[in-house]
Amino acid sequence: MFRDGPLIRRAPETIRYGTGRCPLGALLVASSEQGIVSIMVRDTRSRLTRDLAARFPRAKLVRDEARSKATIAKVARYIAAPFRPFALPLDIRGTELQQRVWSEVRKIPFGETSTYSKIAEAIGMPRAIRAVASSCARSRFAFAVPCHRVLHKGGATARNRRAGRQYRWVDYEAKLAAKRRG
């Protein structure tokens with residue numbers, strides 16, 4: 001048992017997860033009783049489980065491939081074609097600011113991008129650009145909360161493209177949009 005506040009004791013939460021593949025690599029989907037708590041895409045499955053353990057250090061993590069199979073398949077199909085908003089139930093956890101940022105990010109349509117400053121303005125905190133960037137970096141909901149669509153004001157310059165998966169995912173969506181149009 002762990003202590004959660006001065007007077008409250010409760011057992012560690014159980015989070016069930018499963019792994020699979022999607023067009024961008026290894027996929028992990030983890031769920032609580034309320035919904036999906038994490039969607040991660042990485043190069044290797046071992047990295048996925050390490051990252052999940054780091055994200056939920058107090059939770060009892062249960063690998064449950066059989067129970068997670070249908071959800072993993074739906075998430076993989078969504079990543080293959082993220083044309084509409086994500087429809088599966090999410091258990092989004094974060095600060096009030098993070099929740100506001102992620103809610104606003106979910107409004108960005110497929111094939112479009114925004115900037116940290118535009119998101120900050122949209123949530124009524126135009127000077128909170130770094131907080132928005134930090135919130136996007138902390139999102140663990142690959143494609144369901146499409147933080148990869150939020151770019152620096154300069155956009156996806158050649159220098160920024162080398163910065164990581166965010167720009168690779170924007171390029172991936174641009175290719176999907178081009179196929180869809182053509």
# chains A, B, ... in the order shown; residues from 1 in each chain; ligands from 1
call {"tool": "residues_around", "arguments": {"residues": "A:Ser38", "least_positions_apart": "3", "cutoff": "6 Å", "atoms": "only C-alpha atoms", "output": "list in words"}}
result
Val29, Ala30, Arg140 and Phe141 of chain A
call {"tool": "write_last_selection", "arguments": {"atoms": "all heavy atoms", "output": "compact mmCIF listing (two decimals), in the first residue's frame"}}
result
# COMPACT_ATOMS: atom_id res chain seq x y z
N VAL A 29 -0.72 -0.21 -25.47
CA VAL A 29 -1.94 0.44 -25.02
C VAL A 29 -2.19 -0.05 -23.59
O VAL A 29 -2.26 -1.25 -23.35
CB VAL A 29 -3.15 0.11 -25.92
CG1 VAL A 29 -4.41 0.79 -25.39
CG2 VAL A 29 -2.87 0.52 -27.35
N ALA A 30 -2.30 0.90 -22.66
CA ALA A 30 -2.54 0.57 -21.25
C ALA A 30 -3.87 1.18 -20.83
O ALA A 30 -4.19 2.31 -21.21
CB ALA A 30 -1.41 1.12 -20.39
N ARG A 140 1.00 11.16 -22.99
CA ARG A 140 1.31 9.75 -23.24
C ARG A 140 0.19 9.10 -24.04
O ARG A 140 -0.13 7.95 -23.88
CB ARG A 140 1.50 9.00 -21.92
CG ARG A 140 2.61 9.51 -21.05
CD ARG A 140 3.97 9.28 -21.70
NE ARG A 140 5.05 9.68 -20.83
CZ ARG A 140 5.76 10.79 -20.95
NH1 ARG A 140 5.49 11.61 -21.93
NH2 ARG A 140 6.74 11.07 -20.13
N PHE A 141 -0.41 9.90 -24.94
CA PHE A 141 -1.53 9.42 -25.74
C PHE A 141 -1.24 9.62 -27.22
O PHE A 141 -1.87 10.42 -27.89
CB PHE A 141 -2.81 10.17 -25.36
CG PHE A 141 -3.29 9.90 -23.97
CD1 PHE A 141 -2.94 10.74 -22.92
CD2 PHE A 141 -4.08 8.80 -23.71
CE1 PHE A 141 -3.37 10.48 -21.64
CE2 PHE A 141 -4.52 8.53 -22.42
CZ PHE A 141 -4.16 9.37 -21.38
call {"tool": "residues_around", "arguments": {"residues": "A:Ile39", "least_positions_apart": "2", "cutoff": "12 Å", "atoms": "only C-alpha atoms", "output": "PyMOL selection string"}}
result
chain A and resi 17-22+26-31+35-37+41-42+48-49+51-52+55+71-72+74-76+78-79+86+88+90-92+139-146
call {"tool": "select_by_dssp", "arguments": {"residues": "stretch 94-165 of chain A", "states": "strand (DSSP E)", "output": "VMD selection string"}}
result
chain A and resid 114 to 115 150 to 151
call {"tool": "select_by_dssp", "arguments": {"residues": "stretch 6-97 of chain A", "states": "helix (DSSP H, G or I)", "output": "ChimeraX atom specification"}}
result
/A:45-55,65-80,96-97
call {"tool": "residues_around", "arguments": {"residues": "stretch 118-120 of chain A", "least_positions_apart": "4", "cutoff": "10 Å", "atoms": "only C-alpha atoms", "output": "list in words"}}
result
Arg100, Val101, Trp102, Glu104, Val105, Ile108, Ser114, Gly124, Met125, Pro126, Arg127, Ala128, Ile129, Arg130, Ala131, Val132, Ala133, Val150, Leu151 and Lys153 of chain A
call {"tool": "closest_residue", "arguments": {"among": "A:Asp43, A:Pro23, A:Ser32, A:Arg58", "to": "A:Ala73", "atoms": "only C-alpha atoms"}}
result
A:Pro23
call {"tool": "closest_residue", "arguments": {"among": "A:Ser134, A:Ser117, A:Thr44, A:Gln34", "to": "A:Arg93", "atoms": "only C-alpha atoms"}}
result
A:Gln34
call {"tool": "closest_residue", "arguments": {"among": "A:Arg181, A:Ser103, A:Lys69, A:Gly25", "to": "A:Met40", "atoms": "only C-alpha atoms"}}
result
A:Gly25
call {"tool": "closest_atom_pairs", "arguments": {"of": "stretch 60-131 of chain A", "to": "stretch 168-176 of chain A", "cutoff": "10 Å", "atoms": "only C-alpha atoms", "output": "JSON lines"}}
result
{"residue": "A:Ile79", "atom": "CA", "partner": "A:Glu173", "partner_atom": "CA", "distance": 9.3}
{"residue": "A:Ala80", "atom": "CA", "partner": "A:Leu176", "partner_atom": "CA", "distance": 8.4}
{"residue": "A:Ala81", "atom": "CA", "partner": "A:Leu176", "partner_atom": "CA", "distance": 7.4}
{"residue": "A:Pro82", "atom": "CA", "partner": "A:Glu173", "partner_atom": "CA", "distance": 8.0}
{"residue": "A:Phe83", "atom": "CA", "partner": "A:Leu176", "partner_atom": "CA", "distance": 9.0}
{"residue": "A:Phe110", "atom": "CA", "partner": "A:Glu173", "partner_atom": "CA", "distance": 7.6}
{"residue": "A:Gly111", "atom": "CA", "partner": "A:Ala174", "partner_atom": "CA", "distance": 6.1}
{"residue": "A:Glu112", "atom": "CA", "partner": "A:Ala174", "partner_atom": "CA", "distance": 8.7}
{"residue": "A:Thr113", "atom": "CA", "partner": "A:Val170", "partner_atom": "CA", "distance": 8.3}
call {"tool": "write_last_selection", "arguments": {"atoms": "all heavy atoms", "output": "mmCIF file, in the first residue's frame"}}
result
data_model
loop_
_atom_site.group_PDB
_atom_site.id
_atom_site.type_symbol
_atom_site.label_atom_id
_atom_site.label_comp_id
_atom_site.auth_asym_id
_atom_site.auth_seq_id
_atom_site.Cartn_x
_atom_site.Cartn_y
_atom_site.Cartn_z
ATOM 1 N N ILE A 79 -4.191 4.703 -35.829
ATOM 2 C CA ILE A 79 -2.898 5.294 -36.191
ATOM 3 C C ILE A 79 -2.659 5.149 -37.695
ATOM 4 O O ILE A 79 -2.089 6.046 -38.325
ATOM 5 C CB ILE A 79 -1.752 4.678 -35.361
ATOM 6 C CG1 ILE A 79 -1.907 5.124 -33.895
ATOM 7 C CG2 ILE A 79 -0.390 5.078 -35.911
ATOM 8 C CD1 ILE A 79 -0.954 4.455 -32.930
ATOM 9 N N ALA A 80 -3.132 4.063 -38.294
ATOM 10 C CA ALA A 80 -2.990 3.863 -39.739
ATOM 11 C C ALA A 80 -3.848 4.839 -40.538
ATOM 12 O O ALA A 80 -3.530 5.158 -41.682
ATOM 13 C CB ALA A 80 -3.351 2.427 -40.107
ATOM 14 N N ALA A 81 -4.919 5.331 -39.921
ATOM 15 C CA ALA A 81 -5.832 6.251 -40.608
ATOM 16 C C ALA A 81 -6.464 7.208 -39.594
ATOM 17 O O ALA A 81 -7.640 7.093 -39.268
ATOM 18 C CB ALA A 81 -6.909 5.461 -41.341
ATOM 19 N N PRO A 82 -5.700 8.191 -39.090
ATOM 20 C CA PRO A 82 -6.205 9.101 -38.040
ATOM 21 C C PRO A 82 -7.024 10.274 -38.582
ATOM 22 O O PRO A 82 -6.796 11.426 -38.253
ATOM 23 C CB PRO A 82 -4.920 9.582 -37.373
ATOM 24 C CG PRO A 82 -3.929 9.607 -38.498
ATOM 25 C CD PRO A 82 -4.289 8.428 -39.368
ATOM 26 N N PHE A 83 -7.998 9.969 -39.428
ATOM 27 C CA PHE A 83 -8.735 11.012 -40.124
ATOM 28 C C PHE A 83 -9.804 11.687 -39.273
ATOM 29 O O PHE A 83 -10.206 12.803 -39.554
ATOM 30 C CB PHE A 83 -9.382 10.442 -41.396
ATOM 31 C CG PHE A 83 -8.403 9.731 -42.291
ATOM 32 C CD1 PHE A 83 -8.662 8.457 -42.746
ATOM 33 C CD2 PHE A 83 -7.206 10.327 -42.660
ATOM 34 C CE1 PHE A 83 -7.764 7.798 -43.567
ATOM 35 C CE2 PHE A 83 -6.298 9.676 -43.468
ATOM 36 C CZ PHE A 83 -6.575 8.404 -43.928
ATOM 37 N N PHE A 110 -7.106 16.463 -38.507
ATOM 38 C CA PHE A 110 -6.117 15.686 -39.231
ATOM 39 C C PHE A 110 -5.582 16.510 -40.401
ATOM 40 O O PHE A 110 -6.331 17.205 -41.074
ATOM 41 C CB PHE A 110 -6.764 14.391 -39.756
ATOM 42 C CG PHE A 110 -5.899 13.683 -40.755
ATOM 43 C CD1 PHE A 110 -4.824 12.928 -40.331
ATOM 44 C CD2 PHE A 110 -6.138 13.796 -42.106
ATOM 45 C CE1 PHE A 110 -4.004 12.292 -41.242
ATOM 46 C CE2 PHE A 110 -5.337 13.165 -43.032
ATOM 47 C CZ PHE A 110 -4.262 12.405 -42.605
ATOM 48 N N GLY A 111 -4.292 16.440 -40.614
ATOM 49 C CA GLY A 111 -3.662 17.132 -41.736
ATOM 50 C C GLY A 111 -3.311 18.579 -41.451
ATOM 51 O O GLY A 111 -2.730 19.254 -42.293
ATOM 52 N N GLU A 112 -3.657 19.069 -40.268
ATOM 53 C CA GLU A 112 -3.330 20.446 -39.909
ATOM 54 C C GLU A 112 -2.402 20.456 -38.705
ATOM 55 O O GLU A 112 -2.294 19.472 -37.988
ATOM 56 C CB GLU A 112 -4.611 21.229 -39.599
ATOM 57 C CG GLU A 112 -5.504 21.409 -40.810
ATOM 58 C CD GLU A 112 -6.718 22.268 -40.519
ATOM 59 O OE1 GLU A 112 -6.672 23.082 -39.568
ATOM 60 O OE2 GLU A 112 -7.708 22.115 -41.245
ATOM 61 N N THR A 113 -1.753 21.587 -38.514
ATOM 62 C CA THR A 113 -0.881 21.758 -37.354
ATOM 63 C C THR A 113 -1.220 23.074 -36.672
ATOM 64 O O THR A 113 -1.947 23.898 -37.216
ATOM 65 C CB THR A 113 0.615 21.765 -37.746
ATOM 66 O OG1 THR A 113 0.856 22.841 -38.656
ATOM 67 C CG2 THR A 113 1.032 20.443 -38.367
#
call {"tool": "closest_residue", "arguments": {"among": "A:Ile123, A:Leu24, A:Leu61, A:Ile15", "to": "A:Gln98", "atoms": "only C-alpha atoms"}}
result
A:Ile123
call {"tool": "closest_residue", "arguments": {"among": "A:Ala137, A:Glu13, A:Arg77, A:Lys107", "to": "A:Ala122", "atoms": "only C-alpha atoms"}}
result
A:Lys107
